[in-house]
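Participant: Would you mind keeping the following structure in view while I ask a few things?
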Amino acid sequence: MRQFALAFVFLLLAGAAQAQQLEIINLKSRTADQVLPQLRPFIEPGGALSGMNNQIFIRASDANRRQIRELLAALDRPPRRLLISVRQDADSTASARGGEVSGSVGSDRVRIESRRTVVGGAGVTVRSGDDVLRGQVYDSRSAGSERVSQQVQVVEGGRAYINVGTSVPVPLRQVVLTPGGAIVSDTVVYRDLGTSFTAEPQLSGDLVTLTISPTHDTPGSAGPGSANVQRLSTTVSARLGEWMQIGGSVQEESADRDGALRHSTRRGGSGRTVQLKVEELP
């Protein structure tokens, strides 16, 4: 009876070994690291799936191995070439209006003066001897725009980076305290300012999922090395060949000033949008 049981267990093990066999598949266009994450959810319980370089190792039943081969036929193809286009547009407006009175009135012993603070505009001057009185009104408006477009080619699953701008010298002083006293060294480092973006696209049919980080840096007004910085980082999905807006910003400013002899009003605003499009290249 014991010999019969051992023989039965041996037959079961032999059947299981025959049901799950090892198969090695050579990849043509992709590497094992690229396709394994998409294949692992489809391996049957008790099966094994691994790979190295351009080979996939499968230990599974005939039906499961056939399913894996069909999936590989769709995955193991040359990467699709893509063209990523990014547009960063900016518009700004500013206006200023007001009026003021300035001049000098009084005697040789006591004289009251009010100086003009705004140059330009329309005005009138009244003189009487040494007394001068000026009245002035002004109204100014300005508008500006900036359009930056960038393009870069990349294969699906790859990583693209492009940066166009300038390197600005920034003075740097370092002070090191030593037992013998302080050591001061002056050097110059360079800071990159410009427009750039980093993108990593993934394709599924005609739908692209893109992780993108566009930047737009311009020189600031707070001294050497200062910069106006714009940053954006996001993951979006879009159809191939379609423009889509992925971000933007709006800033508004206003100021009113009143005094005994003057009044002024200033208004300003700026807006920026970031758009992208991904196209497939032949």
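Scheme for the structure tokens: letters A, B, ... for chains in order shown; per-chain residue numbers from 1; ligand numbers from 1 in order shown.
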Pick out the residues sitting within 12 Å of Ser145 of chain A, and hand them over as a list in words; count only C-alpha atoms, and ignore anything fewer than 6 positions along from it in its own chain.
Facilitator: Gln88, Asp89, Ala90, Asp91, Ser92, Thr93, Gly269, Ser270, Gly271, Arg272 and Thr273 of chain A
Participant: Write out, as a PDB file, in the first residue's frame, the residues just selected, with all heavy atoms.
Facilitator:
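Once written, out_1.pdb looks like this:
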ATOM      1  N   GLN A  88       4.754  78.553 -24.191  1.00  0.00           N
ATOM      2  CA  GLN A  88       4.577  79.338 -22.970  1.00  0.00           C
ATOM      3  C   GLN A  88       4.326  80.785 -23.394  1.00  0.00           C
ATOM      4  O   GLN A  88       5.216  81.455 -23.916  1.00  0.00           O
ATOM      5  CB  GLN A  88       5.803  79.231 -22.064  1.00  0.00           C
ATOM      6  CG  GLN A  88       6.106  77.785 -21.651  1.00  0.00           C
ATOM      7  CD  GLN A  88       7.102  77.699 -20.510  1.00  0.00           C
ATOM      8  OE1 GLN A  88       6.955  78.368 -19.502  1.00  0.00           O
ATOM      9  NE2 GLN A  88       8.110  76.851 -20.671  1.00  0.00           N
ATOM     10  N   ASP A  89       3.091  81.253 -23.189  1.00  0.00           N
ATOM     11  CA  ASP A  89       2.670  82.585 -23.622  1.00  0.00           C
ATOM     12  C   ASP A  89       2.434  83.475 -22.401  1.00  0.00           C
ATOM     13  O   ASP A  89       1.879  83.019 -21.388  1.00  0.00           O
ATOM     14  CB  ASP A  89       1.382  82.513 -24.442  1.00  0.00           C
ATOM     15  CG  ASP A  89       1.557  81.665 -25.702  1.00  0.00           C
ATOM     16  OD1 ASP A  89       2.714  81.485 -26.127  1.00  0.00           O
ATOM     17  OD2 ASP A  89       0.547  81.189 -26.246  1.00  0.00           O
ATOM     18  N   ALA A  90       2.824  84.739 -22.530  1.00  0.00           N
ATOM     19  CA  ALA A  90       2.636  85.698 -21.440  1.00  0.00           C
ATOM     20  C   ALA A  90       2.117  87.013 -22.014  1.00  0.00           C
ATOM     21  O   ALA A  90       2.571  87.458 -23.077  1.00  0.00           O
ATOM     22  CB  ALA A  90       3.935  85.934 -20.681  1.00  0.00           C
ATOM     23  N   ASP A  91       1.166  87.629 -21.320  1.00  0.00           N
ATOM     24  CA  ASP A  91       0.624  88.940 -21.683  1.00  0.00           C
ATOM     25  C   ASP A  91       0.589  89.815 -20.441  1.00  0.00           C
ATOM     26  O   ASP A  91       0.279  89.337 -19.338  1.00  0.00           O
ATOM     27  CB  ASP A  91      -0.792  88.805 -22.263  1.00  0.00           C
ATOM     28  CG  ASP A  91      -0.805  88.007 -23.559  1.00  0.00           C
ATOM     29  OD1 ASP A  91      -0.399  88.550 -24.594  1.00  0.00           O
ATOM     30  OD2 ASP A  91      -1.223  86.831 -23.519  1.00  0.00           O
ATOM     31  N   SER A  92       0.877  91.094 -20.622  1.00  0.00           N
ATOM     32  CA  SER A  92       0.867  92.027 -19.491  1.00  0.00           C
ATOM     33  C   SER A  92       0.299  93.368 -19.936  1.00  0.00           C
ATOM     34  O   SER A  92       0.454  93.770 -21.094  1.00  0.00           O
ATOM     35  CB  SER A  92       2.277  92.218 -18.929  1.00  0.00           C
ATOM     36  OG  SER A  92       3.137  92.779 -19.910  1.00  0.00           O
ATOM     37  N   THR A  93      -0.366  94.052 -19.014  1.00  0.00           N
ATOM     38  CA  THR A  93      -0.902  95.382 -19.253  1.00  0.00           C
ATOM     39  C   THR A  93      -0.610  96.258 -18.041  1.00  0.00           C
ATOM     40  O   THR A  93      -0.511  95.759 -16.913  1.00  0.00           O
ATOM     41  CB  THR A  93      -2.422  95.346 -19.494  1.00  0.00           C
ATOM     42  OG1 THR A  93      -3.074  94.772 -18.344  1.00  0.00           O
ATOM     43  CG2 THR A  93      -2.760  94.518 -20.726  1.00  0.00           C
ATOM     44  N   GLY A 269      -1.540  94.105 -14.683  1.00  0.00           N
ATOM     45  CA  GLY A 269      -1.878  92.686 -14.621  1.00  0.00           C
ATOM     46  C   GLY A 269      -1.040  91.893 -15.602  1.00  0.00           C
ATOM     47  O   GLY A 269      -0.523  92.428 -16.587  1.00  0.00           O
ATOM     48  N   SER A 270      -0.864  90.631 -15.306  1.00  0.00           N
ATOM     49  CA  SER A 270      -0.113  89.750 -16.194  1.00  0.00           C
ATOM     50  C   SER A 270      -0.708  88.345 -16.118  1.00  0.00           C
ATOM     51  O   SER A 270      -1.258  87.949 -15.086  1.00  0.00           O
ATOM     52  CB  SER A 270       1.374  89.713 -15.820  1.00  0.00           C
ATOM     53  OG  SER A 270       1.542  89.213 -14.499  1.00  0.00           O
ATOM     54  N   GLY A 271      -0.619  87.644 -17.193  1.00  0.00           N
ATOM     55  CA  GLY A 271      -1.118  86.264 -17.250  1.00  0.00           C
ATOM     56  C   GLY A 271      -0.201  85.402 -18.092  1.00  0.00           C
ATOM     57  O   GLY A 271       0.419  85.877 -19.048  1.00  0.00           O
ATOM     58  N   ARG A 272      -0.076  84.146 -17.706  1.00  0.00           N
ATOM     59  CA  ARG A 272       0.801  83.220 -18.427  1.00  0.00           C
ATOM     60  C   ARG A 272       0.099  81.870 -18.572  1.00  0.00           C
ATOM     61  O   ARG A 272      -0.563  81.402 -17.640  1.00  0.00           O
ATOM     62  CB  ARG A 272       2.129  83.038 -17.685  1.00  0.00           C
ATOM     63  CG  ARG A 272       3.119  82.121 -18.391  1.00  0.00           C
ATOM     64  CD  ARG A 272       4.449  82.104 -17.655  1.00  0.00           C
ATOM     65  NE  ARG A 272       5.085  83.400 -17.711  1.00  0.00           N
ATOM     66  CZ  ARG A 272       5.857  83.805 -18.726  1.00  0.00           C
ATOM     67  NH1 ARG A 272       6.064  83.009 -19.761  1.00  0.00           N
ATOM     68  NH2 ARG A 272       6.420  84.991 -18.694  1.00  0.00           N
ATOM     69  N   THR A 273       0.225  81.263 -19.729  1.00  0.00           N
ATOM     70  CA  THR A 273      -0.348  79.946 -19.980  1.00  0.00           C
ATOM     71  C   THR A 273       0.733  79.027 -20.550  1.00  0.00           C
ATOM     72  O   THR A 273       1.667  79.478 -21.217  1.00  0.00           O
ATOM     73  CB  THR A 273      -1.519  80.010 -20.976  1.00  0.00           C
ATOM     74  OG1 THR A 273      -1.061  80.546 -22.231  1.00  0.00           O
ATOM     75  CG2 THR A 273      -2.645  80.878 -20.429  1.00  0.00           C
TER      76      THR A 273
END
Participant: Could you pull the residues within 7 Å of Arg191 of chain A, counting only C-alpha atoms, minus those fewer than 3 positions along the same chain, as a list of chain:residue names?
Facilitator: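 Once the adjacent positions are removed, what remains is A:Ser167, A:Val168, A:Pro169, A:Val170.
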Participant: Could you check which of A:Lys277, A:Thr218, A:Phe57, A:Leu39 is closest to Trp243 of chain A, using only C-alpha atoms?
Facilitator: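 Using only C-alpha atoms, Trp243 of chain A sits closest to A:Lys277.
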Participant: Name the residues in contact with Pro171 of chain A at a cut-off of 8 Å, using only C-alpha atoms, excluding same-chain residues fewer than 4 positions from it; report them as a JSON list (two decimals) with N, CA and C atoms, in the first residue's frame.
Facilitator:
[["chain", "number", "residue", "atom", "x", "y", "z"],
["A", 186, "ASP", "N", 36.71, 85.17, -3.15],
["A", 186, "ASP", "CA", 35.69, 85.68, -4.06],
["A", 186, "ASP", "C", 35.75, 84.89, -5.36],
["A", 187, "THR", "N", 34.62, 84.34, -5.75],
["A", 187, "THR", "CA", 34.52, 83.59, -6.99],
["A", 187, "THR", "C", 33.27, 84.03, -7.75],
["A", 188, "VAL", "N", 33.15, 83.51, -8.94],
["A", 188, "VAL", "CA", 31.98, 83.78, -9.77],
["A", 188, "VAL", "C", 31.36, 82.46, -10.19],
["A", 189, "VAL", "N", 30.07, 82.28, -9.91],
["A", 189, "VAL", "CA", 29.34, 81.11, -10.39],
["A", 189, "VAL", "C", 28.32, 81.57, -11.42],
["A", 224, "PRO", "N", 22.29, 91.41, -8.67],
["A", 224, "PRO", "CA", 22.95, 90.31, -9.40],
["A", 224, "PRO", "C", 22.52, 88.94, -8.89],
["A", 225, "GLY", "N", 22.18, 88.07, -9.81],
["A", 225, "GLY", "CA", 21.79, 86.72, -9.45],
["A", 225, "GLY", "C", 20.33, 86.54, -9.15]]
Participant: Identify which of the residues A:Ser50, A:Gln202, A:Ser264, A:Gln55 lies closest to Thr31 of chain A, counting only C-alpha atoms when measuring atom-to-atom distances.
Facilitator: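 Looking at the shortest contact to Thr31 of chain A, the residue is A:Gln55.
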Participant: Taking the backbone alone, and naming residues the way the document does, which bits of segment 99-277 of chain A are strand (DSSP E or B) by DSSP, as a PyMOL selection string?
Facilitator: chain A and resi 99-106+111-114+122-128+131-155+160-178+181-204+207-219+227-231+234-239+244-258+262-277
Participant: Which residues are close to Asp76 of chain A, i.e. within 8 Å by only C-alpha atoms, leaving aside same-chain residues fewer than 4 positions away? Reply as a list in words.
Facilitator: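 Once the nearby chain positions are removed, what remains is Leu27, Lys28, Ser29, Arg30, Val35 and Leu72 of chain A.
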Participant: Would you please work out which residue, of A:Gly158, A:Gln174, A:Ser254, A:Ser226, is nearest to Arg80 of chain A when using only C-alpha atoms?
Facilitator: A:Gly158
Participant: Give me, as a list in words, all polymer residues having an atom no more than 6 Å from His216 of chain A, counting only C-alpha atoms and skipping those fewer than 2 positions away in the same chain.
Facilitator: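 Surrounding residues, per the criterion: Gly194, Thr195 and Gln230 of chain A.
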Participant: One number please: atom CA of Pro37 of chain A to atom CA of Asn54 of chain A, in Å, one decimal.
Facilitator: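 Computing the Euclidean distance for atom CA of Pro37 of chain A and atom CA of Asn54 of chain A yields 14.5 Å.
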Participant: Within 8 Å of Glu280 of chain A, counting only C-alpha atoms, which residues qualify if same-chain residues fewer than 4 places away don't, as a VMD selection string?
Facilitator: chain A and resid 80 to 83 240 to 241
Participant: Just give me the gap between atom CA of Ser233 of chain A and atom CA of Ala143 of chain A in Å, one decimal is fine.
Facilitator: 28.8 Å
Participant: As a list in words, please: every residue in segment 20-243 of chain A that a backbone DSSP assignment puts in alpha helix (DSSP H).
Facilitator: Ala32, Asp33, Gln34, Val35, Leu36, Pro37, Gln38, Leu39, Asp62, Ala63, Asn64, Arg65, Arg66, Gln67, Ile68, Arg69, Glu70, Leu71, Leu72, Ala73, Ala74 and Leu75 of chain A
Participant: Restricting the calculation to only C-alpha atoms: of A:Ser149, A:Gln136, A:Ser196, A:Thr178, which residue gets closest to Leu276 of chain A?
Facilitator: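 Answer, going by the shortest atom-to-atom distance: A:Ser149.
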Participant: A:Ala227, A:Tyr190, A:Ser185, A:Val274: which is nearest Arg173 of chain A, counting only C-alpha atoms?
Facilitator: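 Between A:Ala227, A:Tyr190, A:Ser185, A:Val274, the residue approaching Arg173 of chain A most closely is A:Ser185.
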Participant: Please provide the set of residues having any atom within 8 Å of Gly157 of chain A, restricted to only C-alpha atoms, with same-chain residues fewer than 4 positions apart removed, written as a ChimeraX atom specification.
Facilitator: /A:79,200-203
Participant: Counting only C-alpha atoms, which residue out of A:Gly135, A:Val175, A:Asn64, A:Glu279 sits closest to Val152 of chain A?
Facilitator: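 Under the stated criterion, the closest residue is A:Glu279.
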